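Printed here is input.cif (mmCIF, C-alpha atoms and all ligand atoms):
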data_data
#
loop_
_atom_site.label_atom_id
_atom_site.label_comp_id
_atom_site.auth_asym_id
_atom_site.auth_seq_id
_atom_site.Cartn_x
_atom_site.Cartn_y
_atom_site.Cartn_z
CA MET E 1 110.71 85.39 70.65
CA SER E 2 112.61 83.92 73.62
CA PRO E 3 115.57 86.22 74.34
CA THR E 4 118.22 83.58 74.98
CA PRO E 5 119.34 81.59 71.95
CA VAL E 6 119.55 77.83 72.31
CA ASN E 7 123.07 76.49 71.65
CA VAL E 8 122.93 73.69 69.08
CA THR E 9 126.16 71.82 68.42
CA VAL E 10 126.36 69.84 65.18
CA THR E 11 129.32 67.53 64.67
CA GLY E 12 130.31 66.56 61.15
CA ALA E 13 128.93 69.93 60.12
CA ALA E 14 130.76 69.87 56.77
CA GLY E 15 129.42 66.46 55.80
CA GLN E 16 126.43 65.67 53.63
CA ILE E 17 123.93 65.29 56.48
CA GLY E 18 125.32 68.46 58.04
CA TYR E 19 124.67 70.34 54.82
CA ALA E 20 121.06 69.17 54.76
CA LEU E 21 120.54 69.78 58.49
CA LEU E 22 122.03 73.16 59.32
CA PHE E 23 119.70 75.23 57.16
CA ARG E 24 116.66 73.57 58.66
CA ILE E 25 117.88 74.22 62.19
CA ALA E 26 118.66 77.85 61.39
CA SER E 27 115.28 78.38 59.74
CA GLY E 28 113.46 77.36 62.93
CA GLN E 29 112.27 73.90 61.94
CA LEU E 30 114.15 72.17 64.78
CA LEU E 31 112.94 74.23 67.73
CA GLY E 32 110.05 76.25 66.36
CA PRO E 33 109.44 79.78 65.12
CA ASP E 34 109.94 81.50 68.49
CA THR E 35 113.33 80.10 69.43
CA PRO E 36 116.58 81.69 68.25
CA VAL E 37 119.51 79.34 67.84
CA ARG E 38 123.25 79.73 68.02
CA LEU E 39 125.03 77.12 65.94
CA ARG E 40 128.27 75.52 67.08
CA LEU E 41 129.82 73.55 64.25
CA LEU E 42 132.32 70.87 65.22
CA GLU E 43 134.58 69.36 62.59
CA ILE E 44 137.97 67.75 62.32
CA PRO E 45 140.67 70.17 61.17
CA GLN E 46 140.40 69.01 57.53
CA GLY E 47 136.66 69.79 57.60
CA VAL E 48 136.90 73.31 59.00
CA LYS E 49 137.29 75.13 55.68
CA ALA E 50 134.20 73.48 54.22
CA ALA E 51 132.30 74.25 57.46
CA GLU E 52 133.33 77.89 57.03
CA GLY E 53 131.84 77.81 53.54
CA THR E 54 128.58 76.42 54.89
CA ALA E 55 128.59 79.13 57.57
CA MET E 56 128.94 81.77 54.82
CA GLU E 57 125.89 80.32 53.09
CA LEU E 58 123.96 80.29 56.37
CA ASP E 59 124.80 84.00 56.75
CA ASP E 60 123.58 84.56 53.21
CA CYS E 61 120.17 83.12 54.09
CA ALA E 62 119.64 85.97 56.59
CA PHE E 63 117.65 83.67 58.89
CA PRO E 64 115.99 85.85 61.54
CA LEU E 65 116.33 83.10 64.18
CA LEU E 66 120.05 82.50 63.66
CA ALA E 67 121.83 84.30 66.48
CA GLY E 68 125.37 83.27 65.54
CA ILE E 69 127.68 80.57 64.20
CA ASP E 70 130.95 79.37 65.70
CA ILE E 71 133.24 76.73 64.24
CA PHE E 72 135.48 74.44 66.28
CA ASP E 73 137.90 71.63 65.68
CA ASN E 74 138.00 70.31 69.21
CA PRO E 75 135.14 68.82 71.19
CA THR E 76 135.88 70.62 74.47
CA GLU E 77 135.13 73.98 72.86
CA GLY E 78 132.46 72.61 70.54
CA PHE E 79 130.27 71.39 73.44
CA GLU E 80 130.76 74.38 75.75
CA GLY E 81 127.26 75.44 76.83
CA THR E 82 125.52 73.05 74.43
CA ASN E 83 121.80 72.62 74.97
CA ILE E 84 121.26 70.31 72.01
CA GLY E 85 123.98 68.18 70.47
CA LEU E 86 123.54 66.43 67.14
CA LEU E 87 126.39 63.96 66.86
CA VAL E 88 126.52 63.36 63.14
CA GLY E 89 130.24 63.31 62.37
CA ALA E 90 131.50 59.80 61.87
CA ARG E 91 132.84 57.68 59.12
CA PRO E 92 129.97 56.77 56.82
CA ARG E 93 129.47 53.19 55.75
CA THR E 94 130.51 52.58 52.18
CA LYS E 95 129.41 49.86 49.76
CA GLY E 96 129.79 46.35 51.14
CA MET E 97 130.68 47.51 54.66
CA GLU E 98 128.57 46.43 57.68
CA ARG E 99 128.12 48.62 60.72
CA GLY E 100 130.15 46.29 62.92
CA ASP E 101 133.21 47.22 60.86
CA LEU E 102 132.77 50.79 61.95
CA LEU E 103 132.80 50.20 65.69
CA GLU E 104 136.46 50.70 66.28
CA ALA E 105 136.90 53.67 63.91
CA ASN E 106 133.94 55.52 65.39
CA GLY E 107 134.39 54.47 69.01
CA GLY E 108 137.43 56.75 69.23
CA ILE E 109 135.30 59.74 68.21
CA PHE E 110 132.39 59.34 70.64
CA GLY E 111 134.38 58.78 73.86
CA PRO E 112 136.11 62.17 73.76
CA GLN E 113 132.87 63.85 72.68
CA GLY E 114 131.02 62.29 75.64
CA ALA E 115 133.75 63.54 77.98
CA ALA E 116 133.50 67.04 76.49
CA ILE E 117 129.72 67.01 76.95
CA ASN E 118 130.22 65.94 80.56
CA ALA E 119 132.70 68.74 81.15
CA GLY E 120 131.05 71.69 79.48
CA ALA E 121 127.52 71.21 78.17
CA ALA E 122 124.52 72.99 79.67
CA ASP E 123 122.61 71.27 82.49
CA ASP E 124 119.64 70.61 80.21
CA VAL E 125 121.75 69.08 77.42
CA ARG E 126 120.02 66.66 75.05
CA ILE E 127 122.05 64.52 72.68
CA LEU E 128 121.01 62.74 69.50
CA VAL E 129 123.58 60.40 67.98
CA VAL E 130 123.18 60.00 64.22
CA GLY E 131 126.67 58.78 63.26
CA ASN E 132 126.85 55.03 62.86
CA PRO E 133 126.77 52.64 64.55
CA ALA E 134 124.41 55.08 66.23
CA ASN E 135 123.16 52.97 69.17
CA THR E 136 126.58 51.88 70.30
CA ASN E 137 128.12 55.30 69.66
CA ALA E 138 125.45 56.73 71.98
CA LEU E 139 126.38 54.11 74.57
CA ILE E 140 130.05 55.09 74.30
CA ALA E 141 129.28 58.82 74.57
CA SER E 142 126.97 58.30 77.55
CA SER E 143 129.49 56.12 79.36
CA HIS E 144 132.01 58.98 79.12
CA ALA E 145 129.52 61.44 80.61
CA PRO E 146 128.86 60.11 84.13
CA ASP E 147 127.41 63.42 85.35
CA VAL E 148 124.84 63.69 82.57
CA PRO E 149 121.65 61.64 83.12
CA ALA E 150 121.69 58.66 80.76
CA ASP E 151 118.25 59.56 79.40
CA ARG E 152 119.76 62.63 77.72
CA PHE E 153 121.64 60.39 75.28
CA THR E 154 119.58 59.04 72.40
CA ALA E 155 120.29 57.32 69.08
CA MET E 156 118.43 57.97 65.87
CA THR E 157 115.98 55.36 64.62
CA ARG E 158 113.49 57.97 63.42
CA LEU E 159 114.64 57.53 59.84
CA ASP E 160 113.77 53.83 60.05
CA HIS E 161 110.42 54.79 61.59
CA ASN E 162 109.69 57.24 58.77
CA ARG E 163 110.75 54.69 56.16
CA ALA E 164 108.34 52.18 57.69
CA LEU E 165 105.50 54.74 57.76
CA SER E 166 106.03 55.41 54.09
CA GLN E 167 106.11 51.71 53.13
CA VAL E 168 102.91 51.00 55.06
CA ALA E 169 101.09 54.01 53.63
CA THR E 170 101.99 52.94 50.10
CA LYS E 171 100.93 49.34 50.70
CA ALA E 172 97.62 50.36 52.31
CA GLY E 173 96.93 53.14 49.81
CA VAL E 174 96.54 55.79 52.52
CA SER E 175 98.43 58.95 53.43
CA VAL E 176 101.29 58.64 55.94
CA ALA E 177 99.25 60.77 58.34
CA GLU E 178 96.78 57.89 58.64
CA VAL E 179 99.42 55.40 59.82
CA ARG E 180 100.07 55.41 63.56
CA ARG E 181 101.70 53.41 66.32
CA LEU E 182 104.29 51.47 64.46
CA THR E 183 107.56 50.71 66.18
CA ILE E 184 111.19 50.17 65.31
CA TRP E 185 112.81 47.89 67.89
CA GLY E 186 116.49 47.22 68.54
CA ASN E 187 119.50 48.39 66.59
CA HIS E 188 119.73 50.91 63.75
CA SER E 189 121.07 48.17 61.51
CA ALA E 190 119.82 45.42 59.24
CA THR E 191 118.68 43.47 62.34
CA GLN E 192 116.18 46.16 63.40
CA TYR E 193 112.59 45.01 63.72
CA PRO E 194 109.85 47.21 62.29
CA ASP E 195 106.71 46.09 64.15
CA LEU E 196 103.19 46.53 62.78
CA PHE E 197 101.35 44.43 65.37
CA HIS E 198 100.14 47.52 67.25
CA ALA E 199 99.91 49.76 64.21
CA GLU E 200 96.72 51.46 63.12
CA ILE E 201 95.67 52.51 59.67
CA ALA E 202 92.99 55.17 59.56
CA GLY E 203 92.17 54.34 63.20
CA ALA E 204 91.77 50.56 62.73
CA PRO E 205 94.25 47.77 63.53
CA ALA E 206 96.57 46.95 60.62
CA THR E 207 95.40 43.33 60.60
CA ALA E 208 95.24 43.07 56.81
CA LEU E 209 98.97 43.69 56.78
CA THR E 210 99.98 41.61 59.80
CA ASP E 211 97.96 38.67 58.49
CA ASP E 212 99.93 38.82 55.25
CA THR E 213 102.94 37.01 56.68
CA SER E 214 104.78 36.65 53.40
CA TRP E 215 104.54 40.40 52.69
CA LEU E 216 105.63 41.12 56.27
CA THR E 217 108.56 38.72 56.25
CA ASP E 218 109.78 38.91 52.67
CA ASP E 219 108.94 42.47 51.74
CA PHE E 220 108.15 44.98 54.49
CA ILE E 221 110.69 44.02 57.16
CA PRO E 222 113.69 43.60 54.81
CA THR E 223 112.79 46.69 52.78
CA VAL E 224 112.80 48.90 55.87
CA ALA E 225 115.78 47.20 57.50
CA THR E 226 118.01 47.40 54.43
CA ARG E 227 116.81 50.71 53.06
CA GLY E 228 120.07 52.41 54.05
CA ALA E 229 122.05 49.98 51.90
CA ALA E 230 119.55 50.36 49.03
CA ILE E 231 120.01 54.14 49.09
CA ILE E 232 123.79 53.73 49.04
CA GLU E 233 123.45 51.36 46.08
CA ALA E 234 121.22 53.80 44.19
CA ARG E 235 122.79 57.12 45.11
CA GLY E 236 126.39 56.07 45.59
CA ALA E 237 126.25 57.79 48.99
CA SER E 238 124.30 57.21 52.19
CA SER E 239 120.98 58.88 52.98
CA ALA E 240 121.50 62.53 53.79
CA ALA E 241 118.42 64.73 53.40
CA SER E 242 116.13 62.03 54.82
CA ALA E 243 118.54 61.51 57.72
CA ALA E 244 118.62 65.24 58.42
CA ASN E 245 114.82 65.30 58.25
CA ALA E 246 114.59 62.47 60.78
CA ALA E 247 116.99 64.27 63.13
CA VAL E 248 114.78 67.37 62.95
CA ASP E 249 111.69 65.22 63.69
CA HIS E 250 113.39 63.52 66.66
CA VAL E 251 114.56 66.70 68.38
CA HIS E 252 111.38 68.61 67.57
CA ASP E 253 109.28 65.88 69.21
CA TRP E 254 111.66 65.58 72.17
CA VAL E 255 111.31 69.30 72.89
CA HIS E 256 107.67 69.86 71.88
CA GLY E 257 106.10 66.43 72.59
CA THR E 258 104.59 63.70 70.45
CA PRO E 259 100.95 63.91 69.30
CA GLU E 260 98.31 62.36 71.59
CA GLY E 261 97.29 58.86 70.53
CA ASP E 262 100.46 58.13 68.59
CA TRP E 263 104.05 57.24 69.33
CA THR E 264 107.35 57.22 67.52
CA SER E 265 110.64 55.31 67.74
CA ALA E 266 113.94 56.34 69.30
CA GLY E 267 117.05 54.67 70.63
CA LEU E 268 117.07 55.14 74.42
CA VAL E 269 119.17 53.74 77.23
CA SER E 270 117.16 50.70 78.27
CA ASP E 271 115.63 50.55 81.75
CA GLY E 272 115.00 46.83 81.23
CA SER E 273 111.63 47.34 79.51
CA TYR E 274 110.50 44.53 77.19
CA GLY E 275 113.40 42.35 78.34
CA VAL E 276 116.04 44.60 76.75
CA PRO E 277 119.06 44.47 79.10
CA GLU E 278 119.43 47.59 81.17
CA GLY E 279 122.01 50.04 79.86
CA LEU E 280 121.89 49.03 76.18
CA VAL E 281 120.83 51.77 73.78
CA SER E 282 117.94 50.17 71.94
CA SER E 283 115.06 51.47 69.86
CA PHE E 284 111.66 51.38 71.55
CA PRO E 285 108.17 52.76 71.01
CA VAL E 286 108.35 56.15 72.70
CA VAL E 287 106.32 59.23 73.53
CA SER E 288 107.70 62.57 74.59
CA ARG E 289 106.03 64.34 77.49
CA ASP E 290 107.26 67.47 79.27
CA GLY E 291 110.54 67.34 77.38
CA ARG E 292 111.38 63.71 78.27
CA TRP E 293 111.17 60.52 76.29
CA GLU E 294 109.16 57.71 77.87
CA ILE E 295 109.00 54.11 76.65
CA VAL E 296 105.42 53.08 75.82
CA GLN E 297 104.64 50.30 78.29
CA GLY E 298 102.33 47.33 78.30
CA LEU E 299 102.38 46.29 74.64
CA GLU E 300 101.78 42.61 74.11
CA ILE E 301 104.67 41.02 72.26
CA GLY E 302 103.85 37.83 70.34
CA ASP E 303 106.33 35.14 69.33
CA PHE E 304 106.89 36.60 65.85
CA SER E 305 107.96 39.92 67.32
CA ARG E 306 109.81 38.48 70.33
CA GLU E 307 112.14 36.45 68.15
CA ARG E 308 113.02 39.47 66.02
CA ILE E 309 113.43 41.90 68.92
CA ASP E 310 115.70 39.39 70.65
CA ALA E 311 117.84 38.97 67.51
CA SER E 312 118.45 42.70 67.20
CA VAL E 313 119.11 43.05 70.93
CA ARG E 314 121.63 40.20 70.68
CA GLU E 315 123.50 42.27 68.10
CA LEU E 316 123.49 45.25 70.48
CA VAL E 317 124.92 43.03 73.22
CA GLU E 318 127.67 41.89 70.82
CA GLU E 319 128.47 45.49 69.89
CA ARG E 320 128.59 46.48 73.56
CA ASP E 321 130.86 43.55 74.35
CA ALA E 322 133.11 44.48 71.41
CA VAL E 323 133.51 48.10 72.51
CA ARG E 324 134.02 46.91 76.09
CA SER E 325 136.85 44.68 74.99
CA LEU E 326 138.36 47.63 73.10
CA GLY E 327 138.19 49.65 76.33
CA LEU E 328 135.78 52.17 74.74
CA VAL E 329 133.12 51.93 77.47
N1 LIG R 1 121.12 56.94 62.22
C1 LIG R 1 120.76 57.05 60.96
O1 LIG R 1 119.59 56.82 60.61
C2 LIG R 1 121.74 57.46 59.89
C3 LIG R 1 123.06 57.60 60.16
N2 LIG R 1 123.95 57.97 59.18
C4 LIG R 1 125.34 58.13 59.58
O2 LIG R 1 125.63 59.53 59.78
C5 LIG R 1 127.02 59.73 59.69
C6 LIG R 1 127.34 60.95 58.85
O3 LIG R 1 126.93 60.74 57.51
P1 LIG R 1 127.32 61.79 56.36
O4 LIG R 1 127.04 63.18 56.75
O5 LIG R 1 126.72 61.24 55.13
O6 LIG R 1 128.90 61.59 56.27
P2 LIG R 1 129.99 62.54 55.61
O7 LIG R 1 131.22 61.73 55.42
O8 LIG R 1 129.43 63.29 54.46
O9 LIG R 1 130.26 63.58 56.76
C7 LIG R 1 130.85 63.22 57.96
C8 LIG R 1 131.53 64.46 58.48
O10 LIG R 1 131.97 64.17 59.79
C9 LIG R 1 133.21 64.79 59.97
N3 LIG R 1 133.88 64.15 61.11
C10 LIG R 1 134.55 62.98 61.14
N4 LIG R 1 135.04 62.77 62.37
C11 LIG R 1 134.66 63.82 63.13
C12 LIG R 1 134.89 64.18 64.47
N5 LIG R 1 135.62 63.41 65.29
N6 LIG R 1 134.34 65.33 64.92
C13 LIG R 1 133.64 66.13 64.11
N7 LIG R 1 133.41 65.85 62.81
C14 LIG R 1 133.91 64.71 62.34
C15 LIG R 1 133.92 64.60 58.63
O11 LIG R 1 135.00 65.51 58.46
C16 LIG R 1 132.77 64.85 57.66
O12 LIG R 1 132.69 66.23 57.31
C17 LIG R 1 127.58 58.41 59.15
O13 LIG R 1 128.06 57.66 60.24
C18 LIG R 1 126.37 57.74 58.57
O14 LIG R 1 126.54 56.34 58.51
C19 LIG R 1 123.53 58.22 57.92
C20 LIG R 1 122.21 58.10 57.59
C21 LIG R 1 121.22 57.68 58.54
O1 LIG R 2 123.07 52.60 56.02
C1 LIG R 2 123.87 53.52 56.24
O2 LIG R 2 125.09 53.41 56.36
C2 LIG R 2 123.31 54.90 56.46
C3 LIG R 2 122.21 54.71 57.40
O3 LIG R 2 122.39 54.51 58.57
C4 LIG R 2 120.86 54.64 56.86
O4 LIG R 2 120.61 55.13 55.75
O5 LIG R 2 120.02 54.09 57.56
#
Before anything else, please render the file you have as structure tokens.
Ligand SMILES: NC(=O)C1=CN([C@@H]2O[C@H](COP(=O)(O)OP(=O)(O)OC[C@H]3O[C@@H](n4cnc5c(N)ncnc54)[C@H](O)[C@@H]3O)[C@@H](O)[C@H]2O)C=CC1
Ligand SMILES: O=C([O-])CC(=O)C(=O)O
Amino acid sequence: MSPTPVNVTVTGAAGQIGYALLFRIASGQLLGPDTPVRLRLLEIPQGVKAAEGTAMELDDCAFPLLAGIDIFDNPTEGFEGTNIGLLVGARPRTKGMERGDLLEANGGIFGPQGAAINAGAADDVRILVVGNPANTNALIASSHAPDVPADRFTAMTRLDHNRALSQVATKAGVSVAEVRRLTIWGNHSATQYPDLFHAEIAGAPATALTDDTSWLTDDFIPTVATRGAAIIEARGASSAASAANAAVDHVHDWVHGTPEGDWTSAGLVSDGSYGVPEGLVSSFPVVSRDGRWEIVQGLEIGDFSRERIDASVRELVEERDAVRSLGLV
């Protein structure tokens, strides 16, 4: 076991994703069975008591890898020495609300958190933004952390990726393990584009699915892109355990690498790849090598995909312009 625990800060620790996430981190599923973790739970003052209750339950699990738990209600302390920050705390979308409505409410949260990360986090800090609108919240946090390399700020589209894997596996009648190389492009919103044109099923191109344009257009793409709203409709609350699971997948792959021959999806600060304007936080096909995300290069993008990637990127530009005009970036 490595002697020095990794400091993992989780914001919104008392929320529903937090409740599904913390036990998995403490059990070793985030960083592996040899890495002790010290949890730093960040909440707003009204959430501290519930976070204390969750901390009591974490104690009661007697996790061998859990080296300690601290609870904070201000970001400066919450991000002191942070190696991994999971920025979950935000106002969740409720029935009938679109993510754009959340920009202003959540923008005020992610600026101060970015500044606190800049001031006190560890040099190797890695940030995953889960709280919506995740891409633009990551942009806000990153823009308040000028001393932290922009590639350390990421936004979660892994849940969309996993949703797409599951839909494809069901359609093709195979296990999810046989579906590879699909991509979520753009924003974590209803404009996202789940792309099957490079996907493989059991090692062969997914042509049977991409040739089925009506399934692609009327079923697969909208099902994946609006799955969050469908869960809210069914459960009366937004996805929680599946979101926590995706956060674990994202950080695990970031730290340990993605499997050879496959890729996943993550929101990264664009370097201009695939015509996505530099600086926007957009979802791309990505691999993780030596602890860094890299955008998979050289994929051919046909007209069908181009149009849909561009539409989602346009929404990201609008969100960026909106937070700019609010003085949040
Ligand atoms: N990227 C993705 O795929 C997904 C993102 N989400 C988003 O994740 C976020 C959290 O969802 P839930 O846990 O269900 O919400 P929740 O309402 O159950 O919990 C949010 C928690 O954040 C706390 N919080 C609010 N402001 C905070 C601040 N400034 N600092 C620290 N904590 C703060 C609240 O007190 C609350 O305990 C929402 O924005 C939701 O839309 C949800 C599912 C998937
Ligand atoms: O839709 C929402 O508000 C929650 C979310 O991000 C998702 O489930 O993808």
With 9 Å as the threshold, what does the neighbourhood of (120.8, 51.7, 55.7) contain in terms of residues, counting only C-alpha atoms? Coordinates are those of the file; answer as a count of residues only. 16
Sort by chain and increasing residue number a table of all residues of stretch 16-92 of chain E within 12 Å of stretch 253-264 of chain E, each with its closest pair of atoms and their distance in Å to one decimal, counting all atoms listed in the file, and write it as a Markdown table.
| residue | atom | partner | partner_atom | distance |
| --- | --- | --- | --- | --- |
| E:Gln29 | CA | E:Asp253 | CA | 11.2 |
| E:Leu30 | CA | E:Val255 | CA | 9.1 |
| E:Leu31 | CA | E:Val255 | CA | 7.3 |
| E:Gly32 | CA | E:His256 | CA | 8.8 |
| E:Thr35 | CA | E:Val255 | CA | 11.5 |
| E:Asn83 | CA | E:Val255 | CA | 11.2 |
| E:Ile84 | CA | E:Val255 | CA | 10.0 |
Kindly provide, as a ChimeraX atom specification, all nucleotide and amino acid residues lying within 6 Å of ligand LIG 1 (chain R), counting only C-alpha atoms and all ligand atoms. /E:11-18,42-44,47,88-93,109,130-132,134,156-157,159,238-240,243
Which of these residues is nearest to E:Thr170, using all atoms listed in the file: E:Leu209, E:Leu128, E:Ile184, E:Leu139? E:Leu209
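The shortest atom-to-atom distance to E:Leu268, with only C-alpha atoms taken into account, belongs to E:Glu294 out of E:Glu294, E:Asp219, E:Asp124, E:Asp70.
When atom CA of E:Arg40 is paired with atom CA of E:Asn7, their separation reads 7.0 Å.
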Quick check, in Å to one decimal: how far apart do atom CA of E:Ala206 and atom CA of E:Leu182 lie? 9.7 Å
At most 7 Å from (109.1, 56.7, 68.0), file frame, all atoms listed in the file: which residues, as a VMD selection string? chain E and resid 158 161 183 263 to 266 284 to 287
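Relative to atom CA of E:Leu86, atom CA of E:Pro36 is found at 16.8 Å.
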Please identify all polymer residues within 12 Å of E:Pro146, counting all atoms listed in the file, omitting same-chain residues fewer than 3 positions from it, and present them as an MDAnalysis selection string. chainID E and resid 111 114:119 139:143 149:153 329
If you count all atoms listed in the file, the residue of E:Arg289, E:Arg163, E:Lys49, E:Arg306 closest to E:Thr223 turns out to be E:Arg163
Report as a list in words all protein, DNA and RNA residues lying within 8 Å of E:Leu103, evaluated on all atoms listed in the file, omitting residues in the same chain fewer than 6 positions from it. Pro133, Thr136, Asn137, Glu319 and Val323 of chain E
If the box runs along x, y and z of the file and leaves 6 Å on each side of ligand LIG 2 (chain R), what are its centre and edge lengths in Å, one decimal, as JSON?
{"center_x": 122.6, "center_y": 53.9, "center_z": 57.2, "size_x": 17.1, "size_y": 14.5, "size_z": 14.8}
Would you mind putting back N, CA and C atoms on stretch 120-132 of chain E, then writing it out as a PDB file, in the coordinates of the input?
ATOM      1  N   GLY E 120     131.404  70.298  79.771  1.00  0.00           N
ATOM      2  CA  GLY E 120     131.050  71.690  79.480  1.00  0.00           C
ATOM      3  C   GLY E 120     129.656  71.966  78.990  1.00  0.00           C
ATOM      4  N   ALA E 121     128.847  70.940  78.733  1.00  0.00           N
ATOM      5  CA  ALA E 121     127.520  71.210  78.170  1.00  0.00           C
ATOM      6  C   ALA E 121     126.598  71.813  79.228  1.00  0.00           C
ATOM      7  N   ALA E 122     125.511  72.406  78.758  1.00  0.00           N
ATOM      8  CA  ALA E 122     124.520  72.990  79.670  1.00  0.00           C
ATOM      9  C   ALA E 122     123.836  71.879  80.480  1.00  0.00           C
ATOM     10  N   ASP E 123     123.250  72.260  81.626  1.00  0.00           N
ATOM     11  CA  ASP E 123     122.610  71.270  82.490  1.00  0.00           C
ATOM     12  C   ASP E 123     121.440  70.552  81.812  1.00  0.00           C
ATOM     13  N   ASP E 124     120.804  71.231  80.855  1.00  0.00           N
ATOM     14  CA  ASP E 124     119.640  70.610  80.210  1.00  0.00           C
ATOM     15  C   ASP E 124     120.005  69.908  78.899  1.00  0.00           C
ATOM     16  N   VAL E 125     121.292  69.604  78.720  1.00  0.00           N
ATOM     17  CA  VAL E 125     121.750  69.080  77.420  1.00  0.00           C
ATOM     18  C   VAL E 125     120.947  67.854  76.979  1.00  0.00           C
ATOM     19  N   ARG E 126     120.661  67.824  75.673  1.00  0.00           N
ATOM     20  CA  ARG E 126     120.020  66.660  75.050  1.00  0.00           C
ATOM     21  C   ARG E 126     120.878  66.268  73.851  1.00  0.00           C
ATOM     22  N   ILE E 127     121.150  64.987  73.736  1.00  0.00           N
ATOM     23  CA  ILE E 127     122.050  64.520  72.680  1.00  0.00           C
ATOM     24  C   ILE E 127     121.322  63.519  71.771  1.00  0.00           C
ATOM     25  N   LEU E 128     121.463  63.728  70.484  1.00  0.00           N
ATOM     26  CA  LEU E 128     121.010  62.740  69.500  1.00  0.00           C
ATOM     27  C   LEU E 128     122.230  62.268  68.711  1.00  0.00           C
ATOM     28  N   VAL E 129     122.484  60.974  68.768  1.00  0.00           N
ATOM     29  CA  VAL E 129     123.580  60.400  67.980  1.00  0.00           C
ATOM     30  C   VAL E 129     123.021  59.889  66.655  1.00  0.00           C
ATOM     31  N   VAL E 130     123.576  60.402  65.579  1.00  0.00           N
ATOM     32  CA  VAL E 130     123.180  60.000  64.220  1.00  0.00           C
ATOM     33  C   VAL E 130     124.278  59.133  63.603  1.00  0.00           C
ATOM     34  N   GLY E 131     125.524  59.486  63.871  1.00  0.00           N
ATOM     35  CA  GLY E 131     126.670  58.780  63.260  1.00  0.00           C
ATOM     36  C   GLY E 131     126.674  57.311  63.639  1.00  0.00           C
ATOM     37  N   ASN E 132     126.920  56.478  62.651  1.00  0.00           N
ATOM     38  CA  ASN E 132     126.850  55.030  62.860  1.00  0.00           C
ATOM     39  C   ASN E 132     128.140  54.422  63.399  1.00  0.00           C
TER      40      ASN E 132
END
